[in-house]
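> Handing over final12.cif, mmCIF, C-alpha atoms.
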data_upload
#
loop_
_atom_site.label_atom_id
_atom_site.label_comp_id
_atom_site.auth_asym_id
_atom_site.auth_seq_id
_atom_site.Cartn_x
_atom_site.Cartn_y
_atom_site.Cartn_z
CA MET E 221 46.99 -25.85 15.32
CA LYS E 222 46.34 -23.21 17.97
CA ARG E 223 47.16 -25.69 20.71
CA GLU E 224 50.42 -26.56 18.93
CA HIS E 225 51.24 -22.88 18.68
CA ILE E 226 50.73 -22.39 22.41
CA SER E 227 52.76 -25.48 23.19
CA LYS E 228 55.61 -24.23 20.99
CA GLN E 229 55.57 -20.86 22.72
CA TYR E 230 55.61 -22.61 26.08
CA ASP E 231 58.62 -24.71 25.07
CA GLU E 232 60.34 -21.56 23.92
CA GLU E 233 59.68 -19.89 27.26
CA LEU E 234 61.16 -22.85 29.10
CA SER E 235 64.25 -22.97 26.93
CA GLU E 236 64.62 -19.19 27.28
CA LEU E 237 64.55 -19.70 31.06
CA ARG E 238 67.24 -22.37 30.78
CA GLU E 239 69.39 -20.07 28.65
CA LYS E 240 69.03 -17.14 31.05
CA LEU E 241 70.05 -19.36 33.95
CA LEU E 242 73.12 -20.56 32.07
CA GLU E 243 73.94 -16.97 31.11
CA MET E 244 73.74 -15.96 34.77
CA GLY E 245 75.83 -18.98 35.74
CA GLY E 246 78.50 -18.07 33.17
CA LYS E 247 78.69 -14.53 34.52
CA VAL E 248 78.91 -15.77 38.10
CA GLU E 249 81.72 -18.14 37.12
CA LEU E 250 83.68 -15.28 35.55
CA MET E 251 83.06 -13.20 38.65
CA ILE E 252 84.46 -15.91 40.93
CA ASN E 253 87.65 -16.13 38.91
CA ASP E 254 88.00 -12.35 38.70
CA SER E 255 87.44 -11.82 42.40
CA ILE E 256 90.37 -14.02 43.34
CA LYS E 257 92.53 -12.26 40.73
CA VAL E 258 92.10 -9.07 42.76
CA LEU E 259 94.01 -10.89 45.48
CA ILE E 260 96.47 -13.10 43.66
CA GLU E 261 97.47 -10.62 40.96
CA ARG E 262 97.07 -7.70 43.41
CA ASP E 263 94.82 -6.06 40.80
CA SER E 264 92.68 -3.70 42.85
CA ASP E 265 91.23 -2.03 39.74
CA LEU E 266 89.42 -5.25 38.94
CA ALA E 267 87.43 -4.89 42.19
CA GLY E 268 85.41 -2.07 40.59
CA ASN E 269 84.43 -4.35 37.70
CA ILE E 270 83.19 -6.94 40.14
CA VAL E 271 80.83 -4.50 41.81
CA ALA E 272 79.43 -3.61 38.35
CA PHE E 273 79.14 -7.29 37.54
CA ASP E 274 77.21 -7.82 40.76
CA HIS E 275 74.59 -5.27 39.71
CA GLU E 276 74.14 -7.20 36.47
CA ILE E 277 73.72 -10.44 38.42
CA ASN E 278 71.06 -8.82 40.61
CA ARG E 279 69.20 -7.66 37.50
CA LEU E 280 69.41 -11.16 36.00
CA GLU E 281 68.01 -12.59 39.22
CA MET E 282 64.98 -10.35 38.99
CA THR E 283 64.50 -11.13 35.28
CA ILE E 284 64.59 -14.87 35.89
CA ASP E 285 62.28 -14.57 38.91
CA GLU E 286 59.77 -12.69 36.80
CA LYS E 287 60.09 -15.22 33.97
CA CYS E 288 59.34 -18.03 36.42
CA LEU E 289 56.37 -16.20 37.89
CA GLY E 290 55.10 -15.44 34.39
CA ILE E 291 55.26 -19.08 33.35
CA LEU E 292 53.59 -20.20 36.59
CA ALA E 293 50.77 -17.69 36.17
CA ARG E 294 50.12 -18.12 32.45
CA ARG E 295 51.07 -21.73 31.72
CA GLN E 296 50.11 -23.40 34.98
CA PRO E 297 52.75 -26.08 34.57
CA THR E 298 52.49 -29.38 36.35
CA ALA E 299 54.77 -32.31 37.14
CA LYS E 300 58.33 -32.07 35.84
CA ASP E 301 58.00 -28.51 34.52
CA LEU E 302 56.57 -27.27 37.79
CA ARG E 303 59.44 -28.79 39.73
CA PHE E 304 61.94 -27.32 37.26
CA ILE E 305 60.51 -23.81 37.56
CA THR E 306 60.21 -23.82 41.33
CA LEU E 307 63.81 -25.01 41.58
CA ALA E 308 64.91 -22.33 39.14
CA LEU E 309 63.42 -19.84 41.61
CA LYS E 310 65.54 -21.27 44.39
CA ILE E 311 68.70 -21.69 42.34
CA VAL E 312 68.69 -18.13 41.09
CA THR E 313 68.89 -17.01 44.72
CA ASP E 314 71.98 -19.18 45.23
CA LEU E 315 73.59 -17.68 42.14
CA GLU E 316 72.85 -14.17 43.32
CA ARG E 317 74.39 -14.91 46.71
CA ILE E 318 77.49 -16.30 45.05
CA GLY E 319 77.73 -12.90 43.38
CA ASP E 320 77.54 -11.29 46.83
CA GLN E 321 80.40 -13.50 48.01
CA CYS E 322 82.53 -12.45 45.03
CA ARG E 323 81.93 -8.83 45.94
CA ASN E 324 82.97 -9.59 49.54
CA ILE E 325 86.13 -11.32 48.31
CA ALA E 326 87.03 -8.42 46.01
CA ARG E 327 86.47 -5.86 48.75
CA LYS E 328 88.59 -7.72 51.30
CA ALA E 329 91.30 -8.46 48.71
CA ARG E 330 91.54 -4.76 47.91
CA GLU E 331 92.14 -4.07 51.59
CA LEU E 332 94.85 -6.74 51.63
CA ASN E 333 96.51 -5.27 48.54
CA SER E 334 97.21 -2.04 50.40
CA GLU E 335 99.25 -3.97 52.98
CA PRO E 336 102.56 -5.82 52.58
CA ILE E 337 102.16 -9.57 51.99
CA LEU E 338 102.84 -11.25 55.33
CA THR E 339 100.82 -14.40 55.00
CA PRO E 340 100.91 -16.89 52.15
CA TYR E 341 97.81 -17.39 50.04
CA VAL E 342 98.36 -21.15 50.28
CA ASP E 343 95.65 -23.07 48.44
CA LEU E 344 93.30 -20.15 47.80
CA PRO E 345 93.72 -20.11 43.99
CA PHE E 346 93.09 -23.86 43.75
CA MET E 347 90.12 -23.60 46.14
CA THR E 348 88.68 -20.89 43.92
CA THR E 349 89.12 -22.92 40.73
CA CYS E 350 87.34 -25.84 42.41
CA ALA E 351 84.47 -23.65 43.61
CA ALA E 352 84.00 -22.05 40.18
CA LYS E 353 83.98 -25.50 38.53
CA MET E 354 81.41 -26.73 41.05
CA VAL E 355 79.10 -23.81 40.23
CA LYS E 356 79.32 -24.57 36.51
CA GLU E 357 78.74 -28.28 37.01
CA ALA E 358 75.83 -27.75 39.41
CA LEU E 359 74.08 -25.53 36.90
CA ASP E 360 74.77 -27.91 34.03
CA ALA E 361 73.38 -30.70 36.19
CA PHE E 362 70.25 -28.61 36.76
CA VAL E 363 69.47 -27.73 33.17
CA SER E 364 70.12 -31.27 31.96
CA ALA E 365 68.66 -33.02 35.05
CA ASP E 366 71.93 -34.95 35.40
CA VAL E 367 71.96 -36.67 38.80
CA GLU E 368 75.42 -38.16 38.32
CA LEU E 369 76.96 -34.75 37.72
CA ALA E 370 75.07 -33.36 40.71
CA MET E 371 76.49 -36.10 42.91
CA LYS E 372 79.98 -35.29 41.63
CA VAL E 373 79.49 -31.70 42.83
CA CYS E 374 78.49 -32.90 46.30
CA ASN E 375 81.69 -34.95 46.49
CA GLU E 376 83.82 -32.04 45.30
CA ASP E 377 82.55 -30.02 48.25
CA ASN E 378 84.67 -32.26 50.48
CA ILE E 379 87.77 -31.24 48.52
CA VAL E 380 87.01 -27.55 49.10
CA ASP E 381 86.33 -28.18 52.78
CA ASP E 382 89.66 -30.01 53.12
CA LEU E 383 91.49 -27.19 51.35
CA ASN E 384 89.83 -24.68 53.65
CA GLU E 385 90.97 -26.74 56.64
CA LYS E 386 94.51 -26.68 55.26
CA VAL E 387 94.36 -22.90 54.78
CA GLN E 388 93.13 -22.46 58.37
CA LEU E 389 95.99 -24.54 59.78
CA LYS E 390 98.60 -22.72 57.72
CA LEU E 391 97.23 -19.34 58.75
CA LEU E 392 97.20 -20.36 62.40
CA GLU E 393 100.84 -21.40 62.09
CA VAL E 394 101.91 -18.16 60.38
CA MET E 395 99.91 -15.96 62.74
CA THR E 396 101.26 -17.72 65.82
CA ALA E 397 104.85 -17.31 64.61
CA ASN E 398 104.43 -13.67 63.63
CA SER E 399 101.89 -11.46 65.37
CA SER E 400 102.16 -8.77 62.68
CA ALA E 401 100.64 -11.28 60.27
CA ILE E 402 97.46 -11.66 62.34
CA SER E 403 95.50 -8.82 60.76
CA GLY E 404 96.27 -10.01 57.22
CA GLY E 405 95.71 -13.61 58.24
CA MET E 406 92.21 -12.81 59.46
CA LYS E 407 91.44 -11.21 56.10
CA ILE E 408 92.69 -14.25 54.18
CA ASN E 409 90.66 -16.41 56.52
CA TYR E 410 87.61 -14.30 55.59
CA ILE E 411 88.27 -14.80 51.88
CA ALA E 412 88.71 -18.56 52.32
CA LYS E 413 85.36 -18.62 54.11
CA CYS E 414 83.73 -16.79 51.20
CA ILE E 415 85.10 -19.36 48.74
CA GLU E 416 83.88 -22.15 50.95
CA ARG E 417 80.43 -20.55 50.95
CA ILE E 418 80.46 -20.41 47.14
CA ALA E 419 81.16 -24.15 47.10
CA ASP E 420 78.32 -24.61 49.62
CA HIS E 421 75.91 -22.78 47.33
CA ALA E 422 76.97 -25.02 44.43
CA THR E 423 76.41 -28.05 46.65
CA ASN E 424 72.97 -26.77 47.65
CA VAL E 425 72.07 -26.44 43.98
CA ALA E 426 73.37 -29.95 43.29
CA GLU E 427 71.37 -31.39 46.20
CA MET E 428 68.23 -29.73 44.89
CA VAL E 429 68.86 -31.24 41.46
CA ILE E 430 69.10 -34.71 42.98
CA PHE E 431 65.84 -34.08 44.81
CA MET E 432 64.24 -32.71 41.64
CA VAL E 433 65.07 -35.82 39.64
CA LYS E 434 64.65 -38.47 42.32
CA GLY E 435 62.04 -36.76 44.53
CA LYS E 436 58.36 -37.44 44.77
CA ASP E 437 56.55 -36.67 41.56
CA ILE E 438 53.95 -33.95 41.84
CA ARG E 439 51.75 -35.73 39.26
CA HIS E 440 50.91 -38.34 41.85
CA THR E 441 49.40 -35.82 44.23
CA THR E 442 45.70 -36.42 44.61
CA THR E 443 43.49 -33.58 43.50
CA HIS E 444 40.59 -32.31 45.63
CA MET T 224 28.22 -24.09 46.87
CA LYS T 225 30.86 -26.41 45.45
CA ARG T 226 32.93 -23.43 44.40
CA GLU T 227 32.66 -22.01 47.90
CA HIS T 228 33.78 -25.32 49.29
CA ILE T 229 36.85 -25.36 47.04
CA SER T 230 37.64 -21.77 47.91
CA LYS T 231 37.39 -22.57 51.62
CA GLN T 232 39.74 -25.51 51.21
CA TYR T 233 42.16 -23.33 49.31
CA ASP T 234 42.12 -20.69 52.05
CA GLU T 235 42.75 -23.42 54.57
CA GLU T 236 45.73 -24.67 52.58
CA LEU T 237 47.20 -21.18 52.47
CA SER T 238 46.72 -20.60 56.18
CA GLU T 239 48.19 -24.05 56.88
CA LEU T 240 51.23 -23.01 54.86
CA ARG T 241 51.53 -19.81 56.88
CA GLU T 242 51.29 -21.76 60.12
CA LYS T 243 53.93 -24.29 59.06
CA LEU T 244 56.28 -21.45 58.14
CA LEU T 245 55.77 -19.80 61.52
CA GLU T 246 56.27 -23.15 63.24
CA MET T 247 59.56 -23.61 61.38
CA GLY T 248 60.54 -20.02 62.21
CA GLY T 249 59.81 -20.59 65.89
CA LYS T 250 61.97 -23.71 65.94
CA VAL T 251 64.79 -21.91 64.14
CA GLU T 252 64.62 -19.08 66.65
CA LEU T 253 64.93 -21.53 69.55
CA MET T 254 67.84 -23.19 67.78
CA ILE T 255 69.70 -19.89 67.42
CA ASN T 256 69.36 -19.15 71.12
CA ASP T 257 70.34 -22.70 72.10
CA SER T 258 73.39 -22.79 69.83
CA ILE T 259 74.94 -19.77 71.52
CA LYS T 260 74.16 -21.27 74.93
CA VAL T 261 76.53 -24.12 74.05
CA LEU T 262 79.24 -21.46 74.02
CA ILE T 263 78.23 -18.99 76.70
CA GLU T 264 77.05 -21.53 79.27
CA ARG T 265 79.71 -24.04 78.16
CA ASP T 266 76.89 -26.57 77.81
CA SER T 267 78.26 -29.09 75.32
CA ASP T 268 75.38 -31.53 75.90
CA LEU T 269 73.05 -29.04 74.26
CA ALA T 270 74.99 -29.42 71.01
CA GLY T 271 73.46 -32.87 70.52
CA ASN T 272 69.96 -31.40 70.79
CA ILE T 273 70.79 -28.89 68.11
CA VAL T 274 71.77 -31.58 65.63
CA ALA T 275 68.43 -33.34 66.32
CA PHE T 276 66.64 -30.01 65.91
CA ASP T 277 68.35 -29.53 62.57
CA HIS T 278 66.93 -32.81 61.26
CA GLU T 279 63.47 -31.58 62.20
CA ILE T 280 64.09 -28.31 60.38
CA ASN T 281 65.15 -30.22 57.27
CA ARG T 282 61.96 -32.27 57.42
CA LEU T 283 59.87 -29.12 57.81
CA GLU T 284 61.61 -27.63 54.77
CA MET T 285 60.60 -30.60 52.66
CA THR T 286 57.04 -30.55 54.01
CA ILE T 287 56.62 -26.87 53.20
CA ASP T 288 58.21 -27.29 49.75
CA GLU T 289 55.75 -30.07 48.98
CA LYS T 290 52.84 -28.01 50.29
CA CYS T 291 53.85 -25.15 47.99
CA LEU T 292 54.22 -27.45 44.98
CA GLY T 293 50.87 -29.03 45.78
CA ILE T 294 49.10 -25.68 45.88
CA LEU T 295 50.81 -24.55 42.67
CA ALA T 296 49.83 -27.75 40.86
CA ARG T 297 46.26 -28.07 42.10
CA ARG T 298 45.12 -24.50 42.72
CA GLN T 299 47.04 -22.66 40.02
CA PRO T 300 47.18 -19.48 42.06
CA THR T 301 47.73 -16.10 40.44
CA ALA T 302 48.64 -12.62 41.55
CA LYS T 303 49.24 -12.11 45.27
CA ASP T 304 48.89 -15.79 46.19
CA LEU T 305 51.35 -16.85 43.51
CA ARG T 306 53.91 -14.36 44.78
CA PHE T 307 53.33 -15.48 48.35
CA ILE T 308 53.85 -19.15 47.52
CA THR T 309 56.93 -18.65 45.36
CA LEU T 310 58.46 -16.53 48.12
CA ALA T 311 57.58 -19.18 50.69
CA LEU T 312 59.66 -21.57 48.56
CA LYS T 313 62.63 -19.21 48.76
CA ILE T 314 62.20 -18.30 52.41
CA VAL T 315 62.06 -21.88 53.56
CA THR T 316 65.54 -22.35 52.09
CA ASP T 317 66.80 -19.40 54.13
CA LEU T 318 65.30 -20.87 57.28
CA GLU T 319 66.90 -24.24 56.60
CA ARG T 320 70.28 -22.60 56.10
CA ILE T 321 69.92 -20.72 59.35
CA GLY T 322 69.50 -24.14 60.92
CA ASP T 323 72.78 -25.20 59.27
CA GLN T 324 74.50 -22.17 60.76
CA CYS T 325 73.22 -23.07 64.23
CA ARG T 326 74.67 -26.54 63.82
CA ASN T 327 78.00 -24.98 62.79
CA ILE T 328 77.95 -22.69 65.83
CA ALA T 329 77.16 -25.58 68.20
CA ARG T 330 79.91 -27.76 66.73
CA LYS T 331 82.55 -25.03 66.97
CA ALA T 332 81.37 -24.01 70.46
CA ARG T 333 81.78 -27.58 71.63
CA GLU T 334 85.38 -27.51 70.40
CA LEU T 335 85.94 -24.27 72.29
CA ASN T 336 84.44 -25.72 75.47
CA SER T 337 87.19 -28.32 75.65
CA GLU T 338 89.81 -25.55 75.79
CA PRO T 339 90.49 -22.98 78.53
CA ILE T 340 88.84 -19.59 77.89
CA LEU T 341 91.55 -17.31 76.54
CA THR T 342 89.53 -14.87 74.49
CA PRO T 343 86.47 -12.93 75.63
CA TYR T 344 83.13 -13.57 73.94
CA VAL T 345 82.62 -9.81 73.72
CA ASP T 346 79.31 -8.98 72.06
CA LEU T 347 78.46 -12.48 70.82
CA PRO T 348 75.42 -12.98 73.10
CA PHE T 349 73.94 -9.63 72.11
CA MET T 350 74.69 -10.29 68.43
CA THR T 351 72.85 -13.59 68.72
CA THR T 352 69.82 -12.04 70.40
CA CYS T 353 69.66 -9.45 67.61
CA ALA T 354 69.95 -12.10 64.88
CA ALA T 355 67.23 -14.29 66.45
CA LYS T 356 64.94 -11.26 66.74
CA MET T 357 65.58 -10.38 63.09
CA VAL T 358 64.59 -13.89 61.98
CA LYS T 359 61.33 -13.67 63.92
CA GLU T 360 60.52 -10.22 62.61
CA ALA T 361 61.37 -11.12 59.01
CA LEU T 362 59.03 -14.08 59.10
CA ASP T 363 56.26 -12.07 60.80
CA ALA T 364 56.73 -9.44 58.10
CA PHE T 365 56.34 -12.15 55.46
CA VAL T 366 53.16 -13.75 56.74
CA SER T 367 51.49 -10.40 57.37
CA ALA T 368 53.02 -8.64 54.31
CA ASP T 369 54.29 -5.90 56.62
CA VAL T 370 56.74 -3.72 54.67
CA GLU T 371 57.51 -1.49 57.62
CA LEU T 372 58.60 -4.41 59.77
CA ALA T 373 60.66 -5.77 56.86
CA MET T 374 62.45 -2.44 56.54
CA LYS T 375 63.16 -2.48 60.28
CA VAL T 376 64.90 -5.86 59.80
CA CYS T 377 67.09 -4.44 57.03
CA ASN T 378 68.16 -1.63 59.34
CA GLU T 379 68.88 -4.02 62.19
CA ASP T 380 71.34 -5.83 59.95
CA ASN T 381 73.63 -2.80 60.28
CA ILE T 382 73.64 -3.25 64.06
CA VAL T 383 74.75 -6.88 63.69
CA ASP T 384 77.41 -5.88 61.16
CA ASP T 385 78.73 -3.23 63.54
CA LEU T 386 78.79 -5.71 66.42
CA ASN T 387 80.67 -8.17 64.24
CA GLU T 388 83.19 -5.45 63.39
CA LYS T 389 83.65 -4.79 67.11
CA VAL T 390 84.14 -8.51 67.80
CA GLN T 391 86.76 -8.68 65.03
CA LEU T 392 88.72 -5.74 66.44
CA LYS T 393 88.62 -7.11 69.97
CA LEU T 394 89.77 -10.54 68.80
CA LEU T 395 92.59 -8.99 66.80
CA GLU T 396 93.72 -7.10 69.90
CA VAL T 397 93.60 -10.17 72.14
CA MET T 398 95.29 -12.42 69.59
CA THR T 399 98.06 -9.93 68.93
CA ALA T 400 98.75 -9.57 72.66
CA ASN T 401 98.70 -13.30 73.35
CA SER T 402 99.60 -15.80 70.65
CA SER T 403 98.15 -18.70 72.65
CA ALA T 404 94.72 -17.08 72.17
CA ILE T 405 94.95 -17.23 68.36
CA SER T 406 93.47 -20.68 67.94
CA GLY T 407 90.47 -19.91 70.18
CA GLY T 408 90.15 -16.46 68.64
CA MET T 409 89.81 -17.97 65.16
CA LYS T 410 87.02 -20.20 66.46
CA ILE T 411 85.17 -17.27 68.00
CA ASN T 412 85.65 -15.40 64.77
CA TYR T 413 84.03 -18.34 62.97
CA ILE T 414 81.04 -18.27 65.31
CA ALA T 415 80.63 -14.52 64.90
CA LYS T 416 80.62 -15.05 61.12
CA CYS T 417 77.86 -17.67 61.49
CA ILE T 418 75.73 -15.25 63.50
CA GLU T 419 76.32 -12.56 60.90
CA ARG T 420 75.16 -15.00 58.23
CA ILE T 421 71.98 -15.72 60.19
CA ALA T 422 71.28 -11.98 60.23
CA ASP T 423 72.01 -11.89 56.48
CA HIS T 424 69.44 -14.61 55.87
CA ALA T 425 66.87 -12.65 57.87
CA THR T 426 67.71 -9.56 55.82
CA ASN T 427 67.33 -11.53 52.59
CA VAL T 428 63.88 -12.64 53.71
CA ALA T 429 62.97 -9.06 54.62
CA GLU T 430 64.16 -7.76 51.25
CA MET T 431 62.05 -10.37 49.48
CA VAL T 432 59.02 -9.30 51.52
CA ILE T 433 59.51 -5.69 50.43
CA PHE T 434 59.75 -6.86 46.83
CA MET T 435 56.68 -9.07 47.27
CA VAL T 436 54.55 -6.20 48.51
CA LYS T 437 55.93 -3.38 46.40
CA GLY T 438 57.06 -5.36 43.33
CA LYS T 439 55.41 -5.63 39.95
CA ASP T 440 52.07 -7.33 40.14
CA ILE T 441 51.88 -10.57 38.19
CA ARG T 442 48.22 -9.90 37.34
CA HIS T 443 49.33 -7.22 34.93
CA THR T 444 51.35 -9.63 32.83
CA THR T 445 49.79 -10.00 29.41
CA THR T 446 48.66 -13.48 28.46
CA HIS T 447 49.44 -15.09 25.11
#
What would the structure in this file look like if it were written as structure tokens?

Amino acid sequence: MKREHISKQYDEELSELREKLLEMGGKVELMINDSIKVLIERDSDLAGNIVAFDHEINRLEMTIDEKCLGILARRQPTAKDLRFITLALKIVTDLERIGDQCRNIARKARELNSEPILTPYVDLPFMTTCAAKMVKEALDAFVSADVELAMKVCNEDNIVDDLNEKVQLKLLEVMTANSSAISGGMKINYIAKCIERIADHATNVAEMVIFMVKGKDIRHTTTH
Amino acid sequence: MKREHISKQYDEELSELREKLLEMGGKVELMINDSIKVLIERDSDLAGNIVAFDHEINRLEMTIDEKCLGILARRQPTAKDLRFITLALKIVTDLERIGDQCRNIARKARELNSEPILTPYVDLPFMTTCAAKMVKEALDAFVSADVELAMKVCNEDNIVDDLNEKVQLKLLEVMTANSSAISGGMKINYIAKCIERIADHATNVAEMVIFMVKGKDIRHTTTH
């Protein structure tokens, strides 16, 4: 009975960890969409919210880190659980850095909003939607150990890379034709790069999920 | 006696982990310096070496990950060791991503080498030296739990950010004066951003070291 009790508590801790990760992922997703709104809807007030959001993300990172460490220290998980927890530790860092990118986007967008629009935003909104979707899917793939979904995310990264390429070419064209658009163009270029990095983080998470599910099983390690 | 034997083996595993991390750090440092040489010395052949180097870095990442998982599964470390190993898992990801940045720099530099030089490289070499130094220091701070050195790295990040700002302004000036320099300028801007990201990774490592040393001690977590 006591053993069952401990096992139930352990399961609860693991599912709590899963929930916290999804909560953090949901917040990060919102943040991505909000950060691009600062630019597209020229809503500079929203930039302040994003900074506040980022603090919350940082706190969640620390909470999840501590949860993982707590489980490792007290439950001494092996095999699948161990791999899940160690990946959670890595993934939470990716999520936190996506938050940093959103803050960078919001900050740069606010700068752009104080200038007249000289360069088109081209595919930035679509790029952002793709990146946000990738983050959600990568995290879903992680909590449900879904390799197929993880592989989908890796493929979607190519779409974002292509869009980024398109944005670069368009900016080059606009900047070459009109030198007063160069300063703004560099800022949009910066934002596109941030979005591309968000997609990269999602891809990194997805790759780790594939490794988690298909990788070498820790149970087969010989003990000394 | 048997216990002592196990403890000795455990210590050896931990010091092996430290050594592997330093080995990876050393390789990454070389890679950073080589990647900028592709640009500054217009040595496109070197770019091929960097791609090969990157494969080695990826292999080292997997080796270290497996070492960490092995220790967690077999030794069930607590307290300081647990924090060290979980941070090693995070840090190795940063090192691997620095390797990715080097590959990006080398690839873009090779593109630039096939064009005439129209934009100055400004402070790029110095920025690179700073970033490589930060990576070395951050890793040294990690293996020796040196908070002071970690804080130094965080401060050095400001220097790299300032240099990047200077590069941006110079590029803007050159590109505005000469529209045929825009394409090359965007590429140099991309490389500067990669170097800045390398410095960011080093700073992330340093911040984690500070947290590792000063953070809440896992030993004080109550057991259920």
> Extract, using all atoms listed in the file, all DNA, RNA and protein residues at most 9 Å from Ser255 (chain E), discarding same-chain residues fewer than 2 positions from it, and format them as a PDB file with C-alpha atoms, in the coordinates of the input.

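Once written, out_24.pdb looks like this:
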ATOM      1  CA  LEU E 250      83.680 -15.280  35.550  1.00  0.00           C
ATOM      2  CA  MET E 251      83.060 -13.200  38.650  1.00  0.00           C
ATOM      3  CA  ILE E 252      84.460 -15.910  40.930  1.00  0.00           C
ATOM      4  CA  ASN E 253      87.650 -16.130  38.910  1.00  0.00           C
ATOM      5  CA  LYS E 257      92.530 -12.260  40.730  1.00  0.00           C
ATOM      6  CA  VAL E 258      92.100  -9.070  42.760  1.00  0.00           C
ATOM      7  CA  LEU E 259      94.010 -10.890  45.480  1.00  0.00           C
ATOM      8  CA  LEU E 266      89.420  -5.250  38.940  1.00  0.00           C
ATOM      9  CA  ALA E 267      87.430  -4.890  42.190  1.00  0.00           C
ATOM     10  CA  ILE E 270      83.190  -6.940  40.140  1.00  0.00           C
ATOM     11  CA  CYS E 322      82.530 -12.450  45.030  1.00  0.00           C
ATOM     12  CA  ARG E 323      81.930  -8.830  45.940  1.00  0.00           C
ATOM     13  CA  ASN E 324      82.970  -9.590  49.540  1.00  0.00           C
ATOM     14  CA  ILE E 325      86.130 -11.320  48.310  1.00  0.00           C
ATOM     15  CA  ALA E 326      87.030  -8.420  46.010  1.00  0.00           C
ATOM     16  CA  ARG E 327      86.470  -5.860  48.750  1.00  0.00           C
ATOM     17  CA  ALA E 329      91.300  -8.460  48.710  1.00  0.00           C
TER      18      ALA E 329
END
> If you measure from CA of Pro336 (chain E) to CA of Ile414 (chain T), what distance in Å do you get, rounded to one decimal?
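The value is 27.9 Å.
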> Enumerate, as a ChimeraX atom specification, the residues matched when the PyMOL selection byres ((chain T and resi 393) around 10) is run on the file above.
/T:342-346,387-392,394-399,408
> With C-alpha atoms kept, could you save the residues just selected as a PDB file, in the coordinates of the input?

ATOM      1  CA  THR T 342      89.530 -14.870  74.490  1.00  0.00           C
ATOM      2  CA  PRO T 343      86.470 -12.930  75.630  1.00  0.00           C
ATOM      3  CA  TYR T 344      83.130 -13.570  73.940  1.00  0.00           C
ATOM      4  CA  VAL T 345      82.620  -9.810  73.720  1.00  0.00           C
ATOM      5  CA  ASP T 346      79.310  -8.980  72.060  1.00  0.00           C
ATOM      6  CA  ASN T 387      80.670  -8.170  64.240  1.00  0.00           C
ATOM      7  CA  GLU T 388      83.190  -5.450  63.390  1.00  0.00           C
ATOM      8  CA  LYS T 389      83.650  -4.790  67.110  1.00  0.00           C
ATOM      9  CA  VAL T 390      84.140  -8.510  67.800  1.00  0.00           C
ATOM     10  CA  GLN T 391      86.760  -8.680  65.030  1.00  0.00           C
ATOM     11  CA  LEU T 392      88.720  -5.740  66.440  1.00  0.00           C
ATOM     12  CA  LEU T 394      89.770 -10.540  68.800  1.00  0.00           C
ATOM     13  CA  LEU T 395      92.590  -8.990  66.800  1.00  0.00           C
ATOM     14  CA  GLU T 396      93.720  -7.100  69.900  1.00  0.00           C
ATOM     15  CA  VAL T 397      93.600 -10.170  72.140  1.00  0.00           C
ATOM     16  CA  MET T 398      95.290 -12.420  69.590  1.00  0.00           C
ATOM     17  CA  THR T 399      98.060  -9.930  68.930  1.00  0.00           C
ATOM     18  CA  GLY T 408      90.150 -16.460  68.640  1.00  0.00           C
TER      19      GLY T 408
END
> What would the selection look like, as a count of residues only, if the PyMOL selection byres ((chain E) within 8 of (chain T)) were run on the coordinates I just shared?
27
> Report the residues retrieved by the PyMOL selection byres ((chain E and resi 377) around 10) from the displayed file, expressed as a list in words.
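Written out, the selection comes to Cys350, Ala351, Met354, Lys372, Val373, Cys374, Asn375, Glu376, Asn378, Ile379, Val380, Asp381, Asp382, Leu383, Glu416, Ile418, Ala419, Asp420, His421, Ala422 and Thr423 of chain E.
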> Just the number, please: distance in Å from CA of Glu249 (chain E) to CA of Asp360 (chain E), one decimal.
12.4 Å
> Report as a PyMOL selection string all protein, DNA and RNA residues lying within 9 Å of Glu319 (chain T), evaluated on all atoms listed in the file, omitting residues in the same chain fewer than 4 positions from it.
chain T and resi 247+251+277+280-281+283-284+314-315+323-324
> Pick the closest to Ile260 (chain E) from E:Ser227, E:Thr283, E:Ser235, E:Asn333: which is it, counting only C-alpha atoms?
E:Asn333
> Which distance in Å separates CA of Val366 (chain T) and CA of Leu244 (chain T), to one decimal?
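Between these atoms lies a distance of 8.4 Å.
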